[in-house]
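Student: Take a look at final31.tsv, TSV, C-alpha atoms:
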```tsv
chain	number	residue	atom	x	y	z
A	1183	MET	CA	35.03	-39.33	-10.94
A	1184	ALA	CA	32.78	-36.30	-11.25
A	1185	ALA	CA	34.64	-34.53	-8.43
A	1186	THR	CA	37.98	-35.35	-10.06
A	1187	LEU	CA	36.90	-34.16	-13.49
A	1188	THR	CA	35.48	-30.91	-12.05
A	1189	THR	CA	38.74	-30.24	-10.20
A	1190	LEU	CA	40.90	-30.93	-13.24
A	1191	LEU	CA	38.78	-28.87	-15.61
A	1192	SER	CA	38.89	-25.92	-13.25
A	1193	SER	CA	42.70	-25.81	-13.36
A	1194	PRO	CA	43.05	-23.87	-16.66
A	1195	ALA	CA	40.32	-21.46	-15.57
A	1196	GLY	CA	42.26	-20.69	-12.40
A	1197	LEU	CA	45.53	-19.77	-14.10
A	1198	PRO	CA	44.77	-16.02	-14.61
A	1199	PHE	CA	43.75	-15.69	-10.97
A	1200	LEU	CA	46.93	-17.48	-9.86
A	1201	ARG	CA	49.10	-15.05	-11.80
A	1202	SER	CA	47.24	-11.99	-10.50
A	1203	GLY	CA	47.32	-13.19	-6.90
A	1204	SER	CA	43.57	-12.72	-6.55
A	1205	ILE	CA	42.76	-16.26	-5.34
A	1206	PRO	CA	41.80	-16.10	-1.63
A	1207	TRP	CA	44.17	-18.84	-0.44
A	1208	LYS	CA	43.73	-20.35	2.99
A	1209	GLY	CA	46.40	-19.45	5.52
A	1210	GLY	CA	48.44	-22.62	5.15
A	1211	LEU	CA	48.63	-22.26	1.36
A	1212	ARG	CA	49.44	-18.54	0.99
A	1213	ASP	CA	53.20	-18.93	1.20
A	1214	ARG	CA	53.18	-21.86	-1.25
A	1215	ALA	CA	51.05	-19.83	-3.67
A	1216	ALA	CA	53.46	-16.90	-3.45
A	1217	ASP	CA	56.43	-19.18	-4.16
A	1218	LEU	CA	54.59	-20.69	-7.14
A	1219	ARG	CA	53.85	-17.24	-8.60
A	1220	ALA	CA	57.51	-16.34	-8.24
A	1221	GLU	CA	58.56	-19.49	-10.09
A	1222	LEU	CA	56.13	-18.74	-12.92
A	1223	ALA	CA	57.21	-15.12	-13.34
A	1224	GLY	CA	59.61	-15.96	-16.18
A	1225	VAL	CA	57.55	-18.70	-17.78
A	1226	ASP	CA	55.67	-18.18	-21.04
A	1227	PRO	CA	51.96	-18.14	-20.05
A	1228	GLU	CA	50.77	-19.96	-23.16
A	1229	ALA	CA	53.39	-22.70	-22.82
A	1230	PHE	CA	52.48	-23.15	-19.18
A	1231	ALA	CA	48.77	-23.33	-20.03
A	1232	ARG	CA	49.51	-26.08	-22.56
A	1233	ALA	CA	51.51	-27.97	-19.95
A	1234	VAL	CA	48.64	-27.71	-17.46
A	1235	ASP	CA	46.25	-29.00	-20.12
A	1236	ARG	CA	48.49	-32.01	-20.87
A	1237	GLU	CA	48.81	-32.84	-17.18
A	1238	MET	CA	45.06	-32.53	-16.70
A	1239	ARG	CA	44.36	-34.91	-19.56
A	1240	TRP	CA	47.05	-37.38	-18.40
A	1241	ARG	CA	45.63	-37.53	-14.89
A	1242	PHE	CA	42.09	-38.15	-16.03
A	1243	ASP	CA	43.27	-40.78	-18.51
A	1244	ALA	CA	45.20	-42.52	-15.71
A	1245	LEU	CA	42.05	-42.54	-13.57
A	1246	LEU	CA	39.94	-44.02	-16.38
A	1247	THR	CA	42.64	-46.60	-17.10
A	1248	GLY	CA	42.69	-47.69	-13.47
A	1249	VAL	CA	38.91	-47.97	-13.28
A	1250	GLU	CA	38.73	-49.99	-16.51
A	1251	ARG	CA	41.48	-52.38	-15.37
A	1252	TYR	CA	39.72	-52.85	-12.06
A	1253	ARG	CA	36.41	-53.66	-13.74
A	1254	ASN	CA	38.04	-56.27	-15.97
A	1255	HIS	CA	40.40	-57.82	-13.43
A	1256	ALA	CA	40.22	-61.60	-13.12
A	1257	TYR	CA	40.28	-61.71	-9.30
A	1258	ARG	CA	37.12	-62.99	-7.60
A	1259	ARG	CA	36.82	-63.75	-3.89
A	1260	ASP	CA	36.29	-67.50	-3.55
A	1261	LEU	CA	36.78	-68.13	0.18
A	1262	ALA	CA	34.16	-70.44	1.62
A	1263	ASP	CA	32.53	-69.19	4.82
A	1264	PRO	CA	33.02	-71.33	7.93
A	1265	PRO	CA	29.94	-72.92	9.55
A	1266	ALA	CA	27.33	-70.65	11.08
A	1267	VAL	CA	26.64	-71.62	14.71
A	1268	TRP	CA	23.74	-69.18	15.14
A	1269	ARG	CA	21.32	-67.39	12.83
A	1270	GLU	CA	18.61	-64.80	13.25
A	1271	GLY	CA	17.02	-63.14	10.25
A	1272	PRO	CA	19.86	-62.30	7.83
A	1273	ALA	CA	22.46	-62.37	10.65
A	1274	ARG	CA	24.90	-65.27	11.09
A	1275	LEU	CA	27.60	-66.07	13.61
A	1276	LEU	CA	30.52	-67.63	11.73
A	1277	ASP	CA	32.81	-69.97	13.69
A	1278	TYR	CA	36.39	-69.86	12.38
A	1279	GLY	CA	37.52	-72.54	14.80
A	1280	ALA	CA	34.73	-74.98	13.97
A	1281	GLY	CA	37.15	-77.82	13.24
A	1282	ASP	CA	38.00	-77.98	16.93
A	1283	GLY	CA	34.38	-78.61	17.97
A	1284	PRO	CA	32.32	-76.70	20.56
A	1285	GLY	CA	34.42	-75.56	23.47
A	1286	GLY	CA	37.70	-76.19	21.67
A	1287	GLY	CA	40.24	-73.99	19.94
A	1288	GLY	CA	41.05	-71.50	22.71
A	1289	LEU	CA	39.38	-68.39	24.05
A	1290	PRO	CA	36.11	-67.57	22.24
A	1291	VAL	CA	36.10	-64.05	20.83
A	1292	LEU	CA	33.02	-62.38	19.39
A	1293	PHE	CA	33.96	-59.99	16.56
A	1294	VAL	CA	31.50	-57.17	15.85
A	1295	PRO	CA	31.92	-55.37	12.50
A	1296	SER	CA	30.19	-52.23	11.28
A	1297	LEU	CA	26.60	-52.27	10.11
A	1298	ILE	CA	27.42	-50.46	6.86
A	1299	ASN	CA	30.24	-52.65	5.55
A	1300	ARG	CA	30.33	-56.38	5.03
A	1301	HIS	CA	31.88	-58.54	7.72
A	1302	TYR	CA	34.51	-60.10	5.48
A	1303	ILE	CA	36.99	-57.24	5.76
A	1304	LEU	CA	38.17	-59.42	8.66
A	1305	ASP	CA	38.37	-62.42	6.30
A	1306	LEU	CA	39.25	-60.65	3.08
A	1307	SER	CA	41.18	-63.28	1.13
A	1308	GLY	CA	43.28	-66.40	1.43
A	1309	ASP	CA	46.33	-64.14	1.76
A	1310	CYS	CA	44.80	-61.69	4.23
A	1311	SER	CA	42.42	-62.95	6.92
A	1312	LEU	CA	42.62	-61.84	10.53
A	1313	MET	CA	40.02	-64.48	11.46
A	1314	ARG	CA	41.90	-67.43	9.98
A	1315	TRP	CA	45.22	-66.15	11.32
A	1316	LEU	CA	43.84	-65.97	14.88
A	1317	ALA	CA	42.16	-69.37	14.61
A	1318	VAL	CA	45.52	-71.16	14.54
A	1319	ARG	CA	47.00	-69.10	17.38
A	1320	GLY	CA	44.99	-70.08	20.41
A	1321	ILE	CA	41.92	-67.93	19.65
A	1322	ARG	CA	38.40	-69.10	18.69
A	1323	PRO	CA	37.13	-66.26	16.45
A	1324	LEU	CA	33.36	-65.96	15.98
A	1325	LEU	CA	32.49	-63.28	13.44
A	1326	LEU	CA	29.05	-61.69	13.35
A	1327	ASP	CA	27.78	-61.21	9.80
A	1328	TRP	CA	24.91	-58.74	10.15
A	1329	GLY	CA	23.63	-59.58	6.66
A	1330	ARG	CA	21.56	-57.17	4.60
A	1331	PRO	CA	18.49	-55.58	6.20
A	1332	GLY	CA	15.19	-57.11	5.16
A	1333	PRO	CA	11.65	-55.86	5.86
A	1334	ALA	CA	11.97	-56.52	9.60
A	1335	GLU	CA	15.42	-54.92	9.94
A	1336	ARG	CA	14.33	-51.77	8.09
A	1337	ARG	CA	12.27	-50.99	11.20
A	1338	PHE	CA	15.20	-51.58	13.58
A	1339	THR	CA	16.77	-48.97	15.81
A	1340	LEU	CA	20.23	-49.24	17.32
A	1341	THR	CA	18.53	-50.62	20.43
A	1342	ASP	CA	17.14	-53.47	18.32
A	1343	PHE	CA	20.59	-54.26	17.00
A	1344	VAL	CA	22.45	-54.02	20.33
A	1345	ALA	CA	19.96	-55.01	23.05
A	1346	GLY	CA	18.33	-57.48	20.66
A	1347	ARG	CA	20.35	-59.16	17.95
A	1348	LEU	CA	23.86	-58.56	19.30
A	1349	GLU	CA	22.94	-59.69	22.81
A	1350	ARG	CA	21.37	-62.86	21.43
A	1351	ALA	CA	24.54	-63.56	19.47
A	1352	LEU	CA	26.45	-63.19	22.75
A	1353	ASN	CA	24.01	-65.60	24.38
A	1354	ALA	CA	24.73	-68.12	21.64
A	1355	VAL	CA	28.46	-67.91	22.35
A	1356	LEU	CA	27.85	-68.34	26.08
A	1357	ASP	CA	25.75	-71.43	25.36
A	1358	LEU	CA	28.45	-72.98	23.18
A	1359	PHE	CA	31.58	-72.39	25.24
A	1360	PRO	CA	32.49	-72.84	28.91
A	1361	ALA	CA	34.59	-69.65	28.97
A	1362	ARG	CA	33.22	-66.12	28.75
A	1363	PRO	CA	34.13	-64.56	25.42
A	1364	ALA	CA	36.09	-61.43	24.76
A	1365	VAL	CA	34.39	-58.96	22.40
A	1366	VAL	CA	36.21	-57.09	19.62
A	1367	GLY	CA	34.53	-54.24	17.75
A	1368	TYR	CA	35.85	-52.62	14.57
A	1369	CYS	CA	34.88	-49.07	13.54
A	1370	MET	CA	31.12	-48.60	14.07
A	1371	GLY	CA	31.08	-52.13	15.46
A	1372	GLY	CA	33.22	-50.84	18.31
A	1373	LEU	CA	30.44	-48.50	19.39
A	1374	LEU	CA	27.96	-51.37	19.38
A	1375	ALA	CA	30.45	-53.55	21.29
A	1376	THR	CA	30.95	-50.78	23.86
A	1377	ALA	CA	27.21	-50.64	24.51
A	1378	LEU	CA	27.09	-54.45	24.74
A	1379	ALA	CA	29.95	-54.61	27.26
A	1380	GLN	CA	28.28	-51.99	29.42
A	1381	ARG	CA	25.00	-53.91	29.40
A	1382	ARG	CA	26.56	-57.35	29.98
A	1383	PRO	CA	29.77	-56.79	32.01
A	1384	ARG	CA	29.66	-60.20	33.72
A	1385	ASP	CA	29.46	-62.01	30.37
A	1386	VAL	CA	32.40	-60.29	28.68
A	1387	ALA	CA	35.98	-61.30	29.48
A	1388	GLY	CA	37.50	-58.31	27.73
A	1389	LEU	CA	36.68	-55.56	25.23
A	1390	ALA	CA	38.96	-54.59	22.33
A	1391	LEU	CA	38.04	-51.58	20.20
A	1392	LEU	CA	39.70	-51.05	16.82
A	1393	ALA	CA	39.48	-47.62	15.16
A	1394	THR	CA	36.29	-46.81	17.07
A	1395	PRO	CA	34.99	-43.22	16.99
A	1396	TRP	CA	33.60	-41.44	20.02
A	1397	ASP	CA	34.10	-37.67	19.88
A	1398	PHE	CA	32.74	-36.88	16.42
A	1399	HIS	CA	33.51	-33.17	16.86
A	1400	GLY	CA	37.00	-33.68	18.24
A	1401	ASP	CA	38.85	-33.09	14.97
A	1402	ASN	CA	36.68	-31.03	12.62
A	1403	PRO	CA	33.23	-30.10	14.02
A	1404	ALA	CA	32.27	-28.22	10.85
A	1405	MET	CA	32.97	-31.25	8.64
A	1406	ALA	CA	31.03	-33.52	10.99
A	1407	LYS	CA	28.03	-31.20	10.89
A	1408	ARG	CA	28.21	-30.99	7.09
A	1409	THR	CA	28.18	-34.78	6.97
A	1410	ALA	CA	25.06	-34.79	9.15
A	1411	ALA	CA	23.40	-32.10	7.03
A	1412	ALA	CA	23.95	-34.20	3.89
A	1413	LEU	CA	21.28	-36.59	5.16
A	1414	ALA	CA	18.50	-34.03	4.65
A	1415	PRO	CA	18.04	-34.59	0.88
A	1416	TYR	CA	17.59	-38.31	1.54
A	1417	GLU	CA	14.76	-37.92	4.06
A	1418	PRO	CA	12.06	-38.75	1.45
A	1419	VAL	CA	14.03	-41.91	0.59
A	1420	LEU	CA	14.24	-42.89	4.25
A	1421	ASP	CA	10.49	-42.41	4.65
A	1422	THR	CA	9.63	-44.33	1.46
A	1423	TRP	CA	12.18	-47.14	1.46
A	1424	GLY	CA	12.86	-47.41	5.18
A	1425	GLU	CA	16.62	-47.35	4.64
A	1426	LEU	CA	19.53	-45.23	3.46
A	1427	PRO	CA	20.77	-46.82	0.21
A	1428	VAL	CA	24.33	-47.98	-0.26
A	1429	ASP	CA	25.04	-45.38	-2.97
A	1430	ALA	CA	24.03	-42.59	-0.60
A	1431	ILE	CA	26.35	-43.93	2.08
A	1432	GLN	CA	29.19	-44.14	-0.45
A	1433	ALA	CA	28.57	-40.53	-1.44
A	1434	LEU	CA	28.75	-39.42	2.20
A	1435	PHE	CA	32.10	-41.16	2.62
A	1436	ALA	CA	33.38	-39.64	-0.62
A	1437	MET	CA	32.67	-36.18	0.79
A	1438	GLN	CA	35.48	-36.68	3.32
A	1439	ASP	CA	38.14	-36.83	0.58
A	1440	PRO	CA	36.71	-36.22	-2.91
A	1441	LEU	CA	40.02	-36.88	-4.71
A	1442	GLN	CA	40.86	-40.17	-3.00
A	1443	VAL	CA	39.27	-42.19	-5.81
A	1444	ALA	CA	41.52	-40.52	-8.37
A	1445	ARG	CA	44.64	-41.16	-6.34
A	1446	LYS	CA	44.00	-44.82	-5.65
A	1447	PHE	CA	42.92	-45.79	-9.18
A	1448	THR	CA	45.86	-43.89	-10.66
A	1449	ARG	CA	48.19	-45.97	-8.45
A	1450	PHE	CA	46.36	-49.13	-9.49
A	1451	ALA	CA	46.87	-48.29	-13.17
A	1452	ARG	CA	50.64	-48.50	-12.59
A	1453	MET	CA	50.55	-51.93	-10.89
A	1454	PRO	CA	51.41	-55.14	-12.78
A	1455	PRO	CA	47.91	-56.61	-13.23
A	1456	ASP	CA	48.97	-60.14	-12.25
A	1457	GLY	CA	50.88	-59.09	-9.14
A	1458	ALA	CA	49.92	-59.56	-5.50
A	1459	ALA	CA	49.46	-55.80	-5.01
A	1460	ALA	CA	46.88	-55.63	-7.81
A	1461	ARG	CA	44.97	-58.64	-6.45
A	1462	GLY	CA	44.96	-57.09	-2.99
A	1463	PHE	CA	43.68	-53.81	-4.41
A	1464	VAL	CA	40.82	-55.53	-6.24
A	1465	ALA	CA	39.90	-57.61	-3.18
A	1466	LEU	CA	39.69	-54.51	-1.03
A	1467	GLU	CA	37.87	-52.44	-3.64
A	1468	ASP	CA	35.31	-55.22	-4.14
A	1469	TRP	CA	34.66	-55.16	-0.39
A	1470	LEU	CA	34.33	-51.36	-0.37
A	1471	ASN	CA	31.75	-51.56	-3.16
A	1472	ASP	CA	29.80	-54.33	-1.42
A	1473	GLY	CA	28.22	-52.09	1.20
A	1474	VAL	CA	25.03	-52.49	3.19
A	1475	ALA	CA	22.06	-50.14	3.41
A	1476	LEU	CA	21.28	-48.61	6.82
A	1477	PRO	CA	17.79	-48.84	8.35
A	1478	ALA	CA	16.22	-45.38	8.47
A	1479	ALA	CA	16.24	-44.97	12.25
A	1480	VAL	CA	19.85	-46.13	12.45
A	1481	ALA	CA	20.91	-43.71	9.69
A	1482	ARG	CA	19.30	-40.84	11.57
A	1483	ASP	CA	20.94	-41.86	14.86
A	1484	CYS	CA	24.36	-42.18	13.26
A	1485	LEU	CA	24.36	-39.07	11.08
A	1486	THR	CA	22.11	-36.63	12.92
A	1487	GLY	CA	22.90	-37.95	16.40
A	1488	TRP	CA	26.57	-38.90	16.24
A	1489	TYR	CA	27.93	-36.59	13.54
A	1490	GLY	CA	25.49	-33.72	13.96
A	1491	ARG	CA	24.97	-33.48	17.74
A	1492	ASN	CA	27.95	-35.54	18.92
A	1493	ASP	CA	25.59	-37.55	21.14
A	1494	THR	CA	28.27	-40.08	22.08
A	1495	ALA	CA	30.79	-37.66	23.58
A	1496	GLU	CA	28.02	-35.49	25.01
A	1497	GLY	CA	26.53	-38.42	26.94
A	1498	ARG	CA	23.24	-38.43	25.05
A	1499	TRP	CA	23.53	-41.71	23.16
A	1500	SER	CA	21.44	-44.41	24.80
A	1501	ILE	CA	20.50	-48.04	24.20
A	1502	ALA	CA	17.19	-49.30	25.62
A	1503	GLY	CA	16.89	-46.08	27.61
A	1504	GLU	CA	20.32	-46.39	29.26
A	1505	SER	CA	23.05	-43.88	28.47
A	1506	VAL	CA	26.18	-45.46	26.96
A	1507	ASP	CA	28.97	-44.23	29.25
A	1508	PRO	CA	32.46	-45.70	28.74
A	1509	ARG	CA	33.42	-44.55	32.23
A	1510	ARG	CA	31.15	-47.31	33.54
A	1511	LEU	CA	32.85	-50.13	31.62
A	1512	ARG	CA	34.25	-52.86	33.86
A	1513	PRO	CA	35.79	-55.53	31.57
A	1514	PRO	CA	39.51	-55.08	30.74
A	1515	ALA	CA	39.78	-52.97	27.61
A	1516	LEU	CA	42.21	-52.48	24.74
A	1517	VAL	CA	41.78	-49.50	22.41
A	1518	MET	CA	43.73	-49.52	19.14
A	1519	ILE	CA	43.97	-46.07	17.55
A	1520	PRO	CA	45.59	-46.08	14.09
A	1521	GLU	CA	47.67	-42.93	13.78
A	1522	LYS	CA	47.04	-42.47	10.03
A	1523	ASP	CA	43.27	-42.94	10.21
A	1524	ARG	CA	41.37	-40.42	8.05
A	1525	ILE	CA	37.94	-42.02	8.55
A	1526	VAL	CA	38.04	-42.00	12.35
A	1527	PRO	CA	40.43	-39.20	13.37
A	1528	PRO	CA	42.75	-40.38	16.17
A	1529	CYS	CA	41.48	-37.69	18.53
A	1530	SER	CA	37.94	-39.08	18.15
A	1531	ALA	CA	39.05	-42.58	19.14
A	1532	ARG	CA	41.39	-41.26	21.82
A	1533	ALA	CA	38.47	-39.64	23.64
A	1534	LEU	CA	36.95	-43.10	24.05
A	1535	ALA	CA	40.21	-44.62	25.27
A	1536	GLN	CA	40.66	-41.87	27.83
A	1537	ALA	CA	37.13	-42.37	29.16
A	1538	ILE	CA	37.47	-46.13	29.77
A	1539	PRO	CA	38.98	-46.85	33.20
A	1540	GLY	CA	42.39	-48.49	32.88
A	1541	ALA	CA	42.21	-49.06	29.13
A	1542	ASP	CA	45.34	-50.26	27.36
A	1543	ILE	CA	46.07	-48.02	24.38
A	1544	HIS	CA	47.95	-49.08	21.25
A	1545	ASN	CA	48.78	-46.67	18.40
A	1546	PRO	CA	49.78	-48.54	15.21
A	1547	HIS	CA	51.19	-46.32	12.48
A	1548	LEU	CA	48.52	-47.42	9.98
A	1549	GLY	CA	45.28	-46.22	8.47
A	1550	HIS	CA	41.66	-47.17	9.18
A	1551	VAL	CA	41.45	-50.11	6.78
A	1552	GLY	CA	45.20	-50.65	6.66
A	1553	MET	CA	45.20	-51.69	10.31
A	1554	ILE	CA	43.26	-54.79	9.21
A	1555	VAL	CA	44.59	-55.62	5.74
A	1556	SER	CA	47.87	-53.81	5.01
A	1557	ALA	CA	51.32	-55.38	4.84
A	1558	GLY	CA	52.09	-54.03	8.30
A	1559	ALA	CA	48.84	-55.16	9.91
A	1560	GLN	CA	50.09	-58.52	11.15
A	1561	THR	CA	53.05	-57.05	13.04
A	1562	LEU	CA	51.44	-53.85	14.28
A	1563	VAL	CA	47.87	-54.99	14.98
A	1564	TRP	CA	47.19	-58.73	14.66
A	1565	GLU	CA	50.04	-59.88	16.91
A	1566	PRO	CA	49.43	-57.33	19.73
A	1567	LEU	CA	45.70	-58.07	19.58
A	1568	ALA	CA	46.26	-61.83	19.79
A	1569	GLU	CA	48.61	-61.45	22.75
A	1570	TRP	CA	46.14	-59.23	24.60
A	1571	LEU	CA	43.29	-61.67	23.92
A	1572	ARG	CA	45.31	-64.68	25.11
A	1573	ASN	CA	45.82	-62.87	28.42
A	1574	ARG	CA	42.03	-62.73	28.91
A	1575	ARG	CA	41.83	-66.46	29.65
```
Would you write the structure of this file as structure tokens?
Tutor:
Amino acid sequence: MAATLTTLLSSPAGLPFLRSGSIPWKGGLRDRAADLRAELAGVDPEAFARAVDREMRWRFDALLTGVERYRNHAYRRDLADPPAVWREGPARLLDYGAGDGPGGGGLPVLFVPSLINRHYILDLSGDCSLMRWLAVRGIRPLLLDWGRPGPAERRFTLTDFVAGRLERALNAVLDLFPARPAVVGYCMGGLLATALAQRRPRDVAGLALLATPWDFHGDNPAMAKRTAAALAPYEPVLDTWGELPVDAIQALFAMQDPLQVARKFTRFARMPPDGAAARGFVALEDWLNDGVALPAAVARDCLTGWYGRNDTAEGRWSIAGESVDPRRLRPPALVMIPEKDRIVPPCSARALAQAIPGADIHNPHLGHVGMIVSAGAQTLVWEPLAEWLRNRR
């Protein structure tokens, strides 16, 4: 909201510079700026300034209206979690095919979500749940809920999460089912799943990676380095608390597109409050605001290592002393690269797909979160994923 308000309030102040042509426009905007000046040549400056002021006030009012309606919306997520078949610390392995008993319900698939967002994006609501949809289509989904880091997890490194907790979750699946599981990783979870598959190739029937980054400098190296540099002010917090707080993580994401909040809440303000679209918006926004803090060492690895130095693509990222190299992966692999992804640029994910020998590549015309929960997700992502997984039997 602060970024939106600052942008709107700066609009009247920029009008004299627009008319004089003294704003140093970037290359792609120079022609549009020249056309705009030509259109304004015969317009009364004071009338135009009043129009800009009205538009500025309308946009901010629409944003505030959307935020207020979201805060007071009646929707609350009330889905009951399925049984947990394994626990360690705050982590749980949720079995979405539990009604079929151990060994039943089709191919076991271990789903690995990100460490910084809650697992239930894959089980968002009664109307939108990839896990429950797969469970009645010959797949036995087992979703890893990392939980929130406690005192022990605040000392964890990525090696502790992958070579420790994630591998023990895999062991639990192997103990429960006669068939080797496939592993599916989403976003950051795809990086962890890649490391797992490299370490345990004989125990993984297949590896599917959804919107998984690899070359963090492939699209905009300067932006990636700025994201890494934004960690510096939080170093005292990391040292004192042992974790990067959720609000700090949210701020880092907001840096990627400061006006996104204004756009989405303005759209929400126009939705009928009792409609399915409004309920879906609230469900997703509740999930986005239910983030998880990152242990200090993990935050440094992700931001300084991945975003700052591009350790993944440069071959410097390692787990338990072993370099994570997708060229060494042996299980069959599927890489889904959403073409409209603004969180993980397609070129970042494509670098991973190109490095994995023989990987199948699928390019749904969706965004990062939309590939899981949008209206087109079932046709463009869920169904192709289910078909690929069924072929891993």
Student: Residues within 12 Å of (41.2, -46.1, 33.6), file coordinates, counting all atoms listed in the file: what are they? Give the list as JSON, numbers by chain.
Tutor: {"A": [1508, 1509, 1510, 1511, 1512, 1513, 1514, 1515, 1516, 1517, 1534, 1535, 1536, 1537, 1538, 1539, 1540, 1541, 1542, 1543]}
Student: Would you list the contacts of Met1370 of chain A as a list in words, taking every protein, DNA or RNA residue within 8 Å and counting only C-alpha atoms, but skipping same-chain residues closer than 6 positions in sequence?
Tutor: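 Once the nearby chain positions are removed, what remains is Pro1295, Ser1296, Leu1297, Thr1394 and Pro1395 of chain A.
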Student: Point out the residue among A:Leu1316, A:Val1480, A:Leu1190, A:Val1428 with the least atom-to-atom distance to Arg1572 of chain A, counting all atoms listed in the file.
Tutor: A:Leu1316
Student: Tell me, counting all atoms listed in the file, for each residue of segment 1327-1375 of chain A within 8 Å of segment 1298-1310 of chain A, which pair of atoms is nearest and how far apart they are in Å to one decimal, in rows ordered by chain and increasing number, as a tab-separated table.
Tutor:
```
residue	atom	partner	partner_atom	distance
A:Asp1327	CA	A:His1301	CA	5.3
A:Trp1328	CA	A:His1301	CA	7.4
A:Gly1329	CA	A:Arg1300	CA	7.6
```
Student: For the residues in that selection, give me C-alpha atoms as a PDB file, keeping the file's coordinate frame.
Tutor:
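So the final result, stored in out.pdb, reads:
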```pdb
ATOM      1  CA  ASP A1327      27.780 -61.210   9.800  1.00  0.00           C
ATOM      2  CA  TRP A1328      24.910 -58.740  10.150  1.00  0.00           C
ATOM      3  CA  GLY A1329      23.630 -59.580   6.660  1.00  0.00           C
TER       4      GLY A1329
END
```
Student: If we count all atoms listed in the file, what is near Leu1292 of chain A at a cut-off of 9 Å, once residues fewer than 6 positions away on the same chain are taken out, given as a ChimeraX atom specification?
Tutor: /A:1275,1322-1326,1351-1352,1355,1363-1367
Student: For the atom pair atom CA of Asp1439 of chain A and atom CA of Gly1196 of chain A, what is the interatomic distance in Å to one decimal place?
Tutor: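 Computed distance, atom CA of Asp1439 of chain A to atom CA of Gly1196 of chain A, equals 21.1 Å.
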Student: Would you mind telling me which residue in A:Leu1441, A:Val1419, A:Ala1379, A:Leu1466 lies nearest to Tyr1252 of chain A when using only C-alpha atoms?
Tutor: A:Leu1466
Student: My list of candidates is A:Ala1481, A:Glu1237, A:Thr1186, A:Glu1521. Which is closest to Met1553 of chain A when distances are computed with only C-alpha atoms?
Tutor: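 So, comparing all the options, the nearest one is A:Glu1521.
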Student: Just want the 12 Å neighbourhood of Glu1228 of chain A, counted on only C-alpha atoms, with same-chain residues fewer than 6 positions away dropped. Output as a PyMOL selection string.
Tutor: chain A and resi 1194+1197-1198+1222+1234-1235
Student: Write a file of the selected residues as a PDB file, in the frame of the given file, keeping C-alpha atoms.
Tutor:
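File produced: out-v8.pdb:
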```
ATOM      1  CA  PRO A1194      43.050 -23.870 -16.660  1.00  0.00           C
ATOM      2  CA  LEU A1197      45.530 -19.770 -14.100  1.00  0.00           C
ATOM      3  CA  PRO A1198      44.770 -16.020 -14.610  1.00  0.00           C
ATOM      4  CA  LEU A1222      56.130 -18.740 -12.920  1.00  0.00           C
ATOM      5  CA  VAL A1234      48.640 -27.710 -17.460  1.00  0.00           C
ATOM      6  CA  ASP A1235      46.250 -29.000 -20.120  1.00  0.00           C
TER       7      ASP A1235
END
```
Student: Need the shell around Thr1188 of chain A: protein/DNA/RNA residues with any atom at most 12 Å away, counting only C-alpha atoms. Skip same-chain ones fewer than 5 positions apart. Format as a list of chain:residue names?
Tutor: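 Residues near the query, excluding close chain neighbours: A:Met1183, A:Ser1193, A:Pro1194, A:Ala1195, A:Met1238, A:Phe1242, A:Pro1440, A:Leu1441, A:Ala1444.
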Student: Determine, counting only C-alpha atoms, every residue of protein, DNA or RNA that lies within 10 Å of (18.8, -48.5, 6.7) in the file coordinates, then give the result as a ChimeraX atom specification.
Tutor: /A:1297-1298,1330-1332,1335-1339,1420,1423-1428,1431,1474-1482
Student: Write out, as a short mmCIF file (atom, residue, chain, number, x, y, z; two decimals), in the frame of the given file, the residues just selected, with C-alpha atoms.
Tutor:
```cif
data_model
loop_
_atom_site.label_atom_id
_atom_site.label_comp_id
_atom_site.auth_asym_id
_atom_site.auth_seq_id
_atom_site.Cartn_x
_atom_site.Cartn_y
_atom_site.Cartn_z
CA LEU A 1297 26.60 -52.27 10.11
CA ILE A 1298 27.42 -50.46 6.86
CA ARG A 1330 21.56 -57.17 4.60
CA PRO A 1331 18.49 -55.58 6.20
CA GLY A 1332 15.19 -57.11 5.16
CA GLU A 1335 15.42 -54.92 9.94
CA ARG A 1336 14.33 -51.77 8.09
CA ARG A 1337 12.27 -50.99 11.20
CA PHE A 1338 15.20 -51.58 13.58
CA THR A 1339 16.77 -48.97 15.81
CA LEU A 1420 14.24 -42.89 4.25
CA TRP A 1423 12.18 -47.14 1.46
CA GLY A 1424 12.86 -47.41 5.18
CA GLU A 1425 16.62 -47.35 4.64
CA LEU A 1426 19.53 -45.23 3.46
CA PRO A 1427 20.77 -46.82 0.21
CA VAL A 1428 24.33 -47.98 -0.26
CA ILE A 1431 26.35 -43.93 2.08
CA VAL A 1474 25.03 -52.49 3.19
CA ALA A 1475 22.06 -50.14 3.41
CA LEU A 1476 21.28 -48.61 6.82
CA PRO A 1477 17.79 -48.84 8.35
CA ALA A 1478 16.22 -45.38 8.47
CA ALA A 1479 16.24 -44.97 12.25
CA VAL A 1480 19.85 -46.13 12.45
CA ALA A 1481 20.91 -43.71 9.69
CA ARG A 1482 19.30 -40.84 11.57
#
```
Student: Kindly indicate which residue among A:Val1551, A:Ala1412, A:Ile1501, A:Leu1218 lies nearest to Lys1522 of chain A, using all atoms listed in the file for the distances.
Tutor: A:Val1551
Student: Hey, can you check how far atom CA of Leu1413 of chain A sits from atom CA of Asn1492 of chain A?
Tutor: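 Result for atom CA of Leu1413 of chain A versus atom CA of Asn1492 of chain A: 15.3 Å, one decimal.
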Student: With only C-alpha atoms as the atoms that count, which of A:Pro1527, A:Asp1277, A:Glu1250, A:Tyr1368 lies nearest to Ala1390 of chain A?
Tutor: A:Tyr1368
Student: Would you compute the distance between atom CA of Ala1502 of chain A and atom CA of Arg1381 of chain A? Give it in Å to one decimal.
Tutor: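 These two atoms are separated by 9.8 Å.
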